[in-house]
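Source file: run-v1.cif; contents: mmCIF, C-alpha atoms and all ligand atoms.
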```cif
data_protein
loop_
_atom_site.group_PDB
_atom_site.id
_atom_site.type_symbol
_atom_site.label_atom_id
_atom_site.label_comp_id
_atom_site.auth_asym_id
_atom_site.auth_seq_id
_atom_site.Cartn_x
_atom_site.Cartn_y
_atom_site.Cartn_z
ATOM 1 C CA MET A 1 62.102 162.891 -19.216
ATOM 2 C CA ALA A 2 65.695 163.961 -19.924
ATOM 3 C CA LEU A 3 68.112 162.120 -17.626
ATOM 4 C CA LYS A 4 70.974 163.539 -15.620
ATOM 5 C CA LEU A 5 73.864 161.126 -16.213
ATOM 6 C CA GLU A 6 77.407 161.610 -14.990
ATOM 7 C CA VAL A 7 78.675 160.306 -18.315
ATOM 8 C CA LEU A 8 76.620 160.282 -21.494
ATOM 9 C CA GLN A 9 76.048 156.734 -22.684
ATOM 10 C CA VAL A 10 76.287 155.275 -26.166
ATOM 11 C CA GLY A 11 76.172 151.755 -27.534
ATOM 12 C CA GLY A 12 78.939 152.595 -30.000
ATOM 13 C CA TRP A 13 79.354 153.988 -33.500
ATOM 14 C CA LYS A 14 80.180 152.888 -37.017
ATOM 15 C CA PRO A 15 81.969 155.321 -39.376
ATOM 16 C CA PHE A 16 80.375 153.850 -42.526
ATOM 17 C CA SER A 17 76.880 152.414 -42.759
ATOM 18 C CA LEU A 18 74.753 151.793 -45.850
ATOM 19 C CA VAL A 19 71.676 150.497 -44.050
ATOM 20 C CA ASP A 20 70.572 153.189 -41.609
ATOM 21 C CA VAL A 21 69.170 155.910 -43.903
ATOM 22 C CA VAL A 22 67.791 155.062 -47.343
ATOM 23 C CA GLY A 23 70.235 155.970 -50.117
ATOM 24 C CA LYS A 24 72.814 157.533 -47.780
ATOM 25 C CA ILE A 25 76.191 156.598 -46.387
ATOM 26 C CA THR A 26 76.049 157.491 -42.718
ATOM 27 C CA PHE A 27 78.397 157.759 -39.785
ATOM 28 C CA THR A 28 76.001 156.162 -37.302
ATOM 29 C CA VAL A 29 76.054 156.583 -33.524
ATOM 30 C CA TRP A 30 73.806 154.569 -31.191
ATOM 31 C CA ALA A 31 72.578 156.314 -28.026
ATOM 32 C CA CYS A 32 71.586 154.266 -24.998
ATOM 33 C CA GLY A 33 68.240 154.364 -23.197
ATOM 34 C CA CYS A 34 64.675 154.520 -24.460
ATOM 35 C CA ASN A 35 61.321 155.582 -23.037
ATOM 36 C CA LEU A 36 59.317 153.052 -25.079
ATOM 37 C CA LYS A 37 59.061 149.272 -24.732
ATOM 38 C CA CYS A 38 58.385 148.260 -28.320
ATOM 39 C CA PRO A 39 57.870 144.468 -28.304
ATOM 40 C CA PHE A 40 59.660 144.093 -31.644
ATOM 41 C CA CYS A 41 62.715 146.168 -30.615
ATOM 42 C CA HIS A 42 65.904 144.387 -31.607
ATOM 43 C CA ASN A 43 68.088 146.974 -29.892
ATOM 44 C CA TRP A 44 66.382 146.454 -26.547
ATOM 45 C CA ARG A 45 69.539 145.801 -24.555
ATOM 46 C CA GLN A 46 70.924 149.245 -25.378
ATOM 47 C CA ALA A 47 67.422 150.697 -24.990
ATOM 48 C CA GLU A 48 67.579 149.384 -21.407
ATOM 49 C CA TRP A 49 71.042 150.881 -20.775
ATOM 50 C CA GLN A 50 72.853 147.557 -21.169
ATOM 51 C CA ASP A 51 76.025 147.028 -23.261
ATOM 52 C CA CYS A 52 76.715 150.784 -23.100
ATOM 53 C CA MET A 53 79.920 152.800 -22.810
ATOM 54 C CA GLY A 54 80.819 156.350 -21.880
ATOM 55 C CA TRP A 55 80.633 158.916 -24.686
ATOM 56 C CA GLU A 56 84.064 160.039 -25.921
ATOM 57 C CA PRO A 57 83.581 163.225 -27.966
ATOM 58 C CA LEU A 58 87.270 163.655 -28.826
ATOM 59 C CA LEU A 59 87.559 160.146 -30.222
ATOM 60 C CA PHE A 60 84.292 160.603 -32.145
ATOM 61 C CA GLU A 61 85.535 163.873 -33.622
ATOM 62 C CA LYS A 62 88.821 162.298 -34.687
ATOM 63 C CA GLU A 63 87.051 159.398 -36.414
ATOM 64 C CA LEU A 64 84.543 161.762 -38.049
ATOM 65 C CA LYS A 65 87.388 163.881 -39.415
ATOM 66 C CA ASP A 66 88.886 160.743 -41.014
ATOM 67 C CA ALA A 67 85.543 159.624 -42.463
ATOM 68 C CA LYS A 68 83.823 162.877 -43.376
ATOM 69 C CA GLU A 69 84.684 163.048 -47.052
ATOM 70 C CA PHE A 70 83.086 159.629 -47.573
ATOM 71 C CA VAL A 71 79.818 160.071 -45.633
ATOM 72 C CA ASP A 72 76.605 161.936 -46.429
ATOM 73 C CA MET A 73 75.551 162.545 -42.831
ATOM 74 C CA VAL A 74 76.061 161.710 -39.183
ATOM 75 C CA HIS A 75 73.043 159.690 -38.053
ATOM 76 C CA LEU A 76 72.291 159.569 -34.322
ATOM 77 C CA THR A 77 69.949 156.723 -33.477
ATOM 78 C CA GLY A 78 69.228 154.571 -30.447
ATOM 79 C CA GLY A 79 67.588 153.840 -28.186
ATOM 80 C CA GLU A 80 66.028 157.235 -27.986
ATOM 81 C CA PRO A 81 68.737 159.916 -28.274
ATOM 82 C CA THR A 82 66.568 162.728 -26.863
ATOM 83 C CA LEU A 83 66.732 161.157 -23.387
ATOM 84 C CA GLN A 84 70.288 162.577 -23.412
ATOM 85 C CA PRO A 85 69.850 166.096 -24.837
ATOM 86 C CA GLN A 86 73.504 166.944 -24.200
ATOM 87 C CA LEU A 87 74.584 164.039 -26.396
ATOM 88 C CA VAL A 88 72.331 165.249 -29.215
ATOM 89 C CA LYS A 89 73.699 168.790 -28.870
ATOM 90 C CA GLU A 90 77.343 167.688 -28.852
ATOM 91 C CA ILE A 91 76.989 165.398 -31.859
ATOM 92 C CA ALA A 92 75.060 168.058 -33.797
ATOM 93 C CA GLU A 93 77.712 170.640 -32.955
ATOM 94 C CA ILE A 94 80.698 168.450 -33.898
ATOM 95 C CA SER A 95 78.993 167.368 -37.137
ATOM 96 C CA LYS A 96 78.281 170.968 -38.131
ATOM 97 C CA LYS A 97 81.819 172.032 -37.208
ATOM 98 C CA HIS A 98 83.086 169.534 -39.788
ATOM 99 C CA GLY A 99 80.480 170.399 -42.399
ATOM 100 C CA VAL A 100 78.642 167.079 -42.145
ATOM 101 C CA PRO A 101 74.814 167.217 -42.037
ATOM 102 C CA PHE A 102 73.283 165.930 -38.814
ATOM 103 C CA SER A 103 70.472 163.363 -38.932
ATOM 104 C CA LEU A 104 68.451 162.523 -35.820
ATOM 105 C CA ASN A 105 66.431 159.356 -35.423
ATOM 106 C CA THR A 106 63.880 159.990 -32.686
ATOM 107 C CA ASN A 107 60.646 158.325 -31.651
ATOM 108 C CA CYS A 108 59.351 161.903 -31.270
ATOM 109 C CA THR A 109 57.477 161.119 -28.053
ATOM 110 C CA THR A 110 59.612 163.024 -25.518
ATOM 111 C CA PRO A 111 59.117 166.725 -24.757
ATOM 112 C CA ALA A 112 62.866 167.176 -25.439
ATOM 113 C CA ALA A 113 62.458 165.872 -28.994
ATOM 114 C CA LEU A 114 60.204 168.812 -29.793
ATOM 115 C CA LYS A 115 63.137 171.186 -29.187
ATOM 116 C CA LEU A 116 66.072 169.032 -30.331
ATOM 117 C CA VAL A 117 64.702 168.479 -33.835
ATOM 118 C CA ASP A 118 65.643 172.138 -34.446
ATOM 119 C CA LEU A 119 69.298 171.000 -34.525
ATOM 120 C CA ALA A 120 68.784 168.409 -37.250
ATOM 121 C CA ASP A 121 69.247 168.659 -41.011
ATOM 122 C CA HIS A 122 67.332 165.404 -41.433
ATOM 123 C CA VAL A 123 65.035 163.448 -39.117
ATOM 124 C CA ALA A 124 63.979 159.809 -39.160
ATOM 125 C CA THR A 125 60.980 158.723 -37.118
ATOM 126 C CA ASP A 126 58.642 155.746 -36.986
ATOM 127 C CA ILE A 127 54.913 155.903 -37.559
ATOM 128 C CA LYS A 128 54.035 153.265 -34.974
ATOM 129 C CA VAL A 129 50.400 152.256 -35.356
ATOM 130 C CA PRO A 130 48.483 150.992 -33.479
ATOM 131 C CA PHE A 131 50.608 153.010 -31.057
ATOM 132 C CA GLU A 132 49.658 151.377 -27.759
ATOM 133 C CA GLU A 133 50.390 147.887 -29.096
ATOM 134 C CA LEU A 134 53.616 148.802 -30.895
ATOM 135 C CA SER A 135 55.055 151.034 -28.176
ATOM 136 C CA GLY A 136 54.444 148.450 -25.433
ATOM 137 C CA LEU A 137 53.147 151.176 -23.095
ATOM 138 C CA PRO A 138 50.158 151.097 -20.729
ATOM 139 C CA PRO A 139 47.091 152.980 -22.093
ATOM 140 C CA SER A 140 47.405 156.143 -19.979
ATOM 141 C CA THR A 141 51.091 156.685 -20.883
ATOM 142 C CA ALA A 142 50.537 155.727 -24.513
ATOM 143 C CA LYS A 143 47.868 158.425 -24.893
ATOM 144 C CA THR A 144 50.191 161.204 -23.690
ATOM 145 C CA PHE A 145 53.127 159.942 -25.736
ATOM 146 C CA TRP A 146 50.997 159.751 -28.884
ATOM 147 C CA GLU A 147 49.925 163.365 -28.345
ATOM 148 C CA ASN A 148 53.603 164.337 -28.014
ATOM 149 C CA TYR A 149 54.353 162.402 -31.190
ATOM 150 C CA LEU A 150 51.674 164.219 -33.187
ATOM 151 C CA LYS A 151 53.021 167.595 -31.994
ATOM 152 C CA CYS A 152 56.542 166.531 -32.988
ATOM 153 C CA VAL A 153 55.632 165.408 -36.519
ATOM 154 C CA SER A 154 53.577 168.576 -37.048
ATOM 155 C CA LYS A 155 56.629 170.595 -36.071
ATOM 156 C CA LEU A 156 58.853 168.589 -38.437
ATOM 157 C CA ALA A 157 56.416 169.332 -41.239
ATOM 158 C CA ARG A 158 56.545 173.059 -40.404
ATOM 159 C CA LEU A 159 60.365 173.036 -40.308
ATOM 160 C CA GLY A 160 60.394 171.658 -43.845
ATOM 161 C CA ILE A 161 63.495 169.485 -43.351
ATOM 162 C CA PRO A 162 63.791 166.144 -45.159
ATOM 163 C CA VAL A 163 62.314 163.250 -43.183
ATOM 164 C CA GLU A 164 62.403 159.497 -43.362
ATOM 165 C CA LEU A 165 59.046 158.213 -42.105
ATOM 166 C CA ARG A 166 59.363 154.566 -41.192
ATOM 167 C CA VAL A 167 56.336 152.310 -40.818
ATOM 168 C CA PRO A 168 57.084 149.233 -38.712
ATOM 169 C CA VAL A 169 54.632 146.710 -40.165
ATOM 170 C CA ALA A 170 53.174 144.231 -37.704
ATOM 171 C CA LYS A 171 51.587 141.368 -39.644
ATOM 172 C CA GLY A 172 47.813 141.766 -40.066
ATOM 173 C CA LEU A 173 47.751 144.691 -37.637
ATOM 174 C CA THR A 174 49.346 147.817 -39.071
ATOM 175 C CA VAL A 175 47.514 147.433 -42.372
ATOM 176 C CA LYS A 176 44.274 148.287 -40.528
ATOM 177 C CA HIS A 177 45.624 151.781 -39.810
ATOM 178 C CA LEU A 178 46.414 153.122 -43.264
ATOM 179 C CA ASP A 179 44.201 156.186 -42.673
ATOM 180 C CA THR A 180 46.316 157.289 -39.693
ATOM 181 C CA ILE A 181 49.548 156.780 -41.633
ATOM 182 C CA LYS A 182 48.132 158.769 -44.551
ATOM 183 C CA GLU A 183 47.135 161.651 -42.244
ATOM 184 C CA ILE A 184 50.675 161.846 -40.877
ATOM 185 C CA VAL A 185 52.414 161.617 -44.264
ATOM 186 C CA GLU A 186 50.100 164.291 -45.674
ATOM 187 C CA LYS A 187 51.256 166.799 -43.063
ATOM 188 C CA PHE A 188 54.523 167.041 -45.078
ATOM 189 C CA GLU A 189 55.446 168.466 -48.447
ATOM 190 C CA PRO A 190 55.724 165.300 -50.582
ATOM 191 C CA ASP A 191 59.241 166.124 -51.796
ATOM 192 C CA LYS A 192 60.519 166.169 -48.201
ATOM 193 C CA VAL A 193 59.413 162.608 -47.433
ATOM 194 C CA THR A 194 60.960 159.192 -47.896
ATOM 195 C CA LEU A 195 58.499 156.578 -46.695
ATOM 196 C CA VAL A 196 59.991 153.283 -45.552
ATOM 197 C CA ILE A 197 57.704 150.281 -45.207
ATOM 198 C CA ASN A 198 59.550 148.112 -42.740
ATOM 199 C CA PRO A 199 58.174 144.598 -42.133
ATOM 200 C CA LEU A 200 58.971 143.595 -38.573
ATOM 201 C CA VAL A 201 61.125 140.500 -38.408
ATOM 202 C CA THR A 202 62.023 138.025 -35.732
ATOM 203 C CA GLU A 203 64.532 135.301 -34.935
ATOM 204 C CA PRO A 204 66.871 134.246 -36.457
ATOM 205 C CA LEU A 205 67.137 137.545 -38.369
ATOM 206 C CA THR A 206 66.896 139.630 -35.191
ATOM 207 C CA ASN A 207 66.584 139.210 -31.451
ATOM 208 C CA PRO A 208 63.306 140.942 -30.524
ATOM 209 C CA ARG A 209 62.429 142.015 -26.982
ATOM 210 C CA ASP A 210 59.189 139.993 -26.891
ATOM 211 C CA LYS A 211 59.601 136.774 -28.844
ATOM 212 C CA ASP A 212 56.031 135.589 -28.154
ATOM 213 C CA TRP A 213 54.599 138.849 -29.512
ATOM 214 C CA CYS A 214 56.856 138.579 -32.523
ATOM 215 C CA SER A 215 55.890 134.972 -33.206
ATOM 216 C CA LYS A 216 52.401 136.366 -33.889
ATOM 217 C CA TYR A 217 53.086 139.722 -35.566
ATOM 218 C CA CYS A 218 56.577 139.603 -37.117
ATOM 219 C CA HIS A 219 57.515 138.282 -40.546
ATOM 220 C CA LYS A 220 59.512 135.066 -40.127
ATOM 221 C CA GLU A 221 60.185 135.022 -43.893
ATOM 222 C CA GLY A 222 61.966 138.414 -43.691
ATOM 223 C CA HIS A 223 59.538 140.204 -46.020
ATOM 224 C CA LEU A 224 55.864 141.112 -46.435
ATOM 225 C CA SER A 225 53.504 138.303 -47.385
ATOM 226 C CA GLU A 226 52.261 137.985 -50.978
ATOM 227 C CA GLU A 227 48.860 139.271 -49.811
ATOM 228 C CA GLU A 228 50.151 142.339 -47.959
ATOM 229 C CA GLU A 229 52.916 143.454 -50.322
ATOM 230 C CA PRO A 230 50.619 144.827 -53.106
ATOM 231 C CA ILE A 231 48.451 146.598 -50.520
ATOM 232 C CA TRP A 232 51.465 148.447 -49.118
ATOM 233 C CA ARG A 233 52.910 149.161 -52.573
ATOM 234 C CA ASP A 234 49.627 150.650 -53.840
ATOM 235 C CA PHE A 235 49.255 152.623 -50.624
ATOM 236 C CA ALA A 236 52.790 154.048 -50.801
ATOM 237 C CA LYS A 237 52.327 154.951 -54.490
ATOM 238 C CA SER A 238 49.021 156.690 -53.756
ATOM 239 C CA LEU A 239 50.780 159.084 -51.364
ATOM 240 C CA GLY A 240 53.001 160.519 -54.101
ATOM 241 C CA VAL A 241 56.205 160.360 -52.050
ATOM 242 C CA LYS A 242 59.484 158.470 -52.501
ATOM 243 C CA TYR A 243 59.147 155.082 -50.869
ATOM 244 C CA LYS A 244 61.011 151.887 -50.172
ATOM 245 C CA ILE A 245 59.609 148.551 -49.076
ATOM 246 C CA LYS A 246 62.290 146.860 -47.015
ATOM 247 C CA LYS A 247 63.123 143.209 -47.458
ATOM 248 C CA TRP A 248 65.349 141.544 -44.939
ATOM 249 C CA MET A 249 65.485 138.389 -47.054
ATOM 250 C CA ASP A 250 64.171 137.440 -50.516
HETATM 251 S S1 LIG B 301 61.605 153.346 -29.862
HETATM 252 FE FE1 LIG B 301 63.181 152.219 -30.967
HETATM 253 S S2 LIG B 301 64.811 151.836 -29.479
HETATM 254 FE FE2 LIG B 301 62.979 152.446 -28.328
HETATM 255 S S3 LIG B 301 62.043 150.488 -27.726
HETATM 256 FE FE3 LIG B 301 61.085 151.194 -29.650
HETATM 257 S S4 LIG B 301 62.257 150.205 -31.308
HETATM 258 FE FE4 LIG B 301 63.488 150.077 -29.415
#
```
In structure tokens, how does this file's structure come out?
Amino acid sequence: MALKLEVLQVGGWKPFSLVDVVGKITFTVWACGCNLKCPFCHNWRQAEWQDCMGWEPLLFEKELKDAKEFVDMVHLTGGEPTLQPQLVKEIAEISKKHGVPFSLNTNCTTPAALKLVDLADHVATDIKVPFEELSGLPPSTAKTFWENYLKCVSKLARLGIPVELRVPVAKGLTVKHLDTIKEIVEKFEPDKVTLVINPLVTEPLTNPRDKDWCSKYCHKEGHLSEEEEPIWRDFAKSLGVKYKIKKWMD
């Protein structure tokens, strides 16, 4: 699954971000490439290796040095960063060299993710259910990737590092899979988890990969419906973990 690229590819970075990890100021880097085809993906151009540029570690290090006293962590997201293991290793190494915790956002479905999470001080990952529908993969591939995902989250639970578990909520669909979400959250010590309930949104708030899919399953209003919101709130409370229900618009 890991690719051999002449030059590692990123979409860019932002020295200060308040929106990528709940409650944290992050220095966020976007990796290019992804192995999934999530229909709601709003970063799909970078996920498909478009709008990318060559990785410049020296420039990144210089900008991190300037920003480090103001940020809580470096957050590497994507795309799926573990398609470029060398990029993950370099960013983890530079972050540690400057005393900044390293946070990895991974979809946890690649064999490389299982090893690379060892380098992270914090991991963010989605709980995409139903997986086949939300990953956009054919059934045979989806089955294998879901098995990889379950191995990866079990390992994260064993490592005991803080995690942000993000639930992309497809309207009327994800709510039917609360049992699966509960099983995954309960693998972790409750104090290690921040659960993020993330209603999927569509145009004009974002530019999803599959607009037809999103016209059916995404939240045009930018937030959960009045019917679904209390269900998700009660569910999140029942798990006994920190949680946030995202609103893109009130
Ligand atoms: S895993 Fe993330 S980056 Fe990859 S297609 Fe899905 S939403 Fe997009």
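This file gives the following result for the PyMOL selection byres (((not hetatm)) within 6 of (chain B and resi 301)): Cys34, Leu36, Lys37, Cys38, Cys41, Asn43, Trp44, Ala47, Gly78, Gly79, Glu80 and Asn107 of chain A.
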Apply the PyMOL selection byres (((chain A and resi 12-20) around 12) and not hetatm) to the structure shown and report the selected residues as a ChimeraX atom specification. /A:8-11,21-32,46,50-57,59-79,91,103-105,123-125,164,166,196,246-248
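Once Val175 (chain A) and its same-chain neighbours fewer than 4 positions away are set aside, Val129, Pro130, Val169, Ala170, Lys171, Asp179, Ile181, Glu228, Ile231, Trp232 and Phe235 of chain A remain within 10 Å of it when counting only C-alpha atoms.
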For Lys155 (chain A), please output as a PDB file with C-alpha atoms, keeping the file's coordinate frame all residues within 9 Å (counting all atoms listed in the file; exclusion window: fewer than 5 positions along the same chain).
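Written file, part_24.pdb:
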```
ATOM      1  CA  LEU A 114      60.204 168.812 -29.793  1.00  0.00           C
ATOM      2  CA  VAL A 117      64.702 168.479 -33.835  1.00  0.00           C
ATOM      3  CA  LEU A 150      51.674 164.219 -33.187  1.00  0.00           C
ATOM      4  CA  GLY A 160      60.394 171.658 -43.845  1.00  0.00           C
TER       5      GLY A 160
END
```
Given the PyMOL selection byres (((chain A and resi 205) around 9) and not hetatm), the residues it picks as a ChimeraX atom specification: /A:201-204,206-207,220,222,248-249
Limited to C-alpha atoms, could you put the picked residues into a file as a PDB file, in the frame of the given file?
```pdb
ATOM      1  CA  VAL A 201      61.125 140.500 -38.408  1.00  0.00           C
ATOM      2  CA  THR A 202      62.023 138.025 -35.732  1.00  0.00           C
ATOM      3  CA  GLU A 203      64.532 135.301 -34.935  1.00  0.00           C
ATOM      4  CA  PRO A 204      66.871 134.246 -36.457  1.00  0.00           C
ATOM      5  CA  THR A 206      66.896 139.630 -35.191  1.00  0.00           C
ATOM      6  CA  ASN A 207      66.584 139.210 -31.451  1.00  0.00           C
ATOM      7  CA  LYS A 220      59.512 135.066 -40.127  1.00  0.00           C
ATOM      8  CA  GLY A 222      61.966 138.414 -43.691  1.00  0.00           C
ATOM      9  CA  TRP A 248      65.349 141.544 -44.939  1.00  0.00           C
ATOM     10  CA  MET A 249      65.485 138.389 -47.054  1.00  0.00           C
TER      11      MET A 249
END
```
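Of note, CA of Thr82 (chain A) and CA of Asp212 (chain A) are spaced 29.1 Å apart.
Residue nearest Cys218 (chain A), chosen from A:Ser95, A:Lys244, A:Asp234, A:Pro168 and counting only C-alpha atoms: A:Pro168.
Closest approach to Leu83 (chain A) among A:Glu132, A:Ile127, A:Gly33, A:Thr109 is made by A:Gly33 (distances from only C-alpha atoms).
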Provide an axis-aligned box for all listed atoms of region 152-171 of chain A, padding each side by 3 Å; report its centre and its edge lengths in Å to one decimal, as lines of an AutoDock Vina configuration file.
```
center_x = 57.7
center_y = 157.2
center_z = -39.1
size_x = 18.2
size_y = 37.7
size_z = 18.2
```
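Nearest residue to Pro81 (chain A), choosing from A:Glu229, A:Phe40, A:Leu116, A:Leu224 and counting only C-alpha atoms: A:Leu116.
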Using only C-alpha atoms, find the one residue out of A:Arg158, A:Phe102, A:Asn35, A:Asn198 that sits nearest to Ala142 (chain A). A:Asn35
Might you pull out every residue within 8 Å of Tyr243 (chain A), with all atoms listed in the file counted and same-chain residues fewer than 3 positions away left off, and present them as a count of residues only? 6
Rank A:Ser225, A:Thr110, A:Ser238, A:Ser154 by their smallest atom-to-atom distance to Gly172 (chain A), using all atoms listed in the file, and report the top residue only. A:Ser225
Where atoms are missing, can you supply all heavy atoms for region 50-59 of chain A and output the lot as a short mmCIF file (atom, residue, chain, number, x, y, z; two decimals), keeping the file's coordinate frame?
```cif
data_model
loop_
_atom_site.label_atom_id
_atom_site.label_comp_id
_atom_site.auth_asym_id
_atom_site.auth_seq_id
_atom_site.Cartn_x
_atom_site.Cartn_y
_atom_site.Cartn_z
N GLN A 50 71.89 148.65 -21.30
CA GLN A 50 72.85 147.56 -21.17
C GLN A 50 73.83 147.65 -22.34
O GLN A 50 73.51 148.22 -23.38
CB GLN A 50 72.13 146.21 -21.20
CG GLN A 50 71.14 146.03 -20.05
CD GLN A 50 70.33 144.76 -20.20
OE1 GLN A 50 70.82 143.74 -20.66
NE2 GLN A 50 69.07 144.82 -19.79
N ASP A 51 74.99 147.03 -22.19
CA ASP A 51 76.03 147.03 -23.26
C ASP A 51 76.37 148.46 -23.70
O ASP A 51 76.54 148.72 -24.90
CB ASP A 51 75.54 146.25 -24.50
CG ASP A 51 75.16 144.81 -24.17
OD1 ASP A 51 75.63 144.31 -23.14
OD2 ASP A 51 74.39 144.23 -24.94
N CYS A 52 76.45 149.38 -22.76
CA CYS A 52 76.72 150.78 -23.10
C CYS A 52 78.14 151.17 -22.68
O CYS A 52 78.75 150.49 -21.86
CB CYS A 52 75.73 151.70 -22.39
SG CYS A 52 74.03 151.35 -22.85
N MET A 53 78.60 152.29 -23.22
CA MET A 53 79.92 152.80 -22.81
C MET A 53 79.84 154.32 -22.72
O MET A 53 78.92 154.93 -23.28
CB MET A 53 80.98 152.37 -23.82
CG MET A 53 80.74 152.88 -25.22
SD MET A 53 81.86 152.10 -26.38
CE MET A 53 81.77 153.21 -27.76
N GLY A 54 80.80 154.89 -22.02
CA GLY A 54 80.82 156.35 -21.88
C GLY A 54 81.13 157.03 -23.21
O GLY A 54 81.94 156.53 -24.00
N TRP A 55 80.46 158.13 -23.45
CA TRP A 55 80.63 158.92 -24.69
C TRP A 55 82.01 159.58 -24.69
O TRP A 55 82.39 160.21 -23.70
CB TRP A 55 79.51 159.94 -24.74
CG TRP A 55 79.64 161.06 -25.72
CD1 TRP A 55 79.62 162.39 -25.44
CD2 TRP A 55 79.76 160.95 -27.15
NE1 TRP A 55 79.72 163.11 -26.59
CE2 TRP A 55 79.83 162.26 -27.66
CE3 TRP A 55 79.84 159.88 -28.04
CZ2 TRP A 55 79.95 162.54 -29.02
CZ3 TRP A 55 79.96 160.14 -29.39
CH2 TRP A 55 80.01 161.46 -29.86
N GLU A 56 82.73 159.43 -25.81
CA GLU A 56 84.06 160.04 -25.92
C GLU A 56 84.06 161.01 -27.10
O GLU A 56 84.36 160.61 -28.23
CB GLU A 56 85.12 158.95 -26.14
CG GLU A 56 85.29 158.05 -24.94
CD GLU A 56 86.45 157.08 -25.16
OE1 GLU A 56 87.60 157.55 -25.26
OE2 GLU A 56 86.20 155.89 -25.26
N PRO A 57 83.73 162.28 -26.86
CA PRO A 57 83.58 163.22 -27.97
C PRO A 57 84.87 163.44 -28.77
O PRO A 57 84.80 163.60 -29.99
CB PRO A 57 83.13 164.52 -27.28
CG PRO A 57 83.39 164.34 -25.84
CD PRO A 57 83.39 162.88 -25.55
N LEU A 58 86.02 163.40 -28.09
CA LEU A 58 87.27 163.66 -28.83
C LEU A 58 87.58 162.52 -29.81
O LEU A 58 87.99 162.75 -30.95
CB LEU A 58 88.44 163.84 -27.86
CG LEU A 58 88.34 165.08 -26.96
CD1 LEU A 58 89.53 165.14 -26.00
CD2 LEU A 58 88.25 166.36 -27.80
N LEU A 59 87.33 161.30 -29.35
CA LEU A 59 87.56 160.15 -30.22
C LEU A 59 86.57 160.16 -31.39
O LEU A 59 86.92 159.92 -32.55
CB LEU A 59 87.41 158.86 -29.40
CG LEU A 59 87.71 157.55 -30.13
CD1 LEU A 59 89.13 157.55 -30.70
CD2 LEU A 59 87.51 156.36 -29.20
#
```
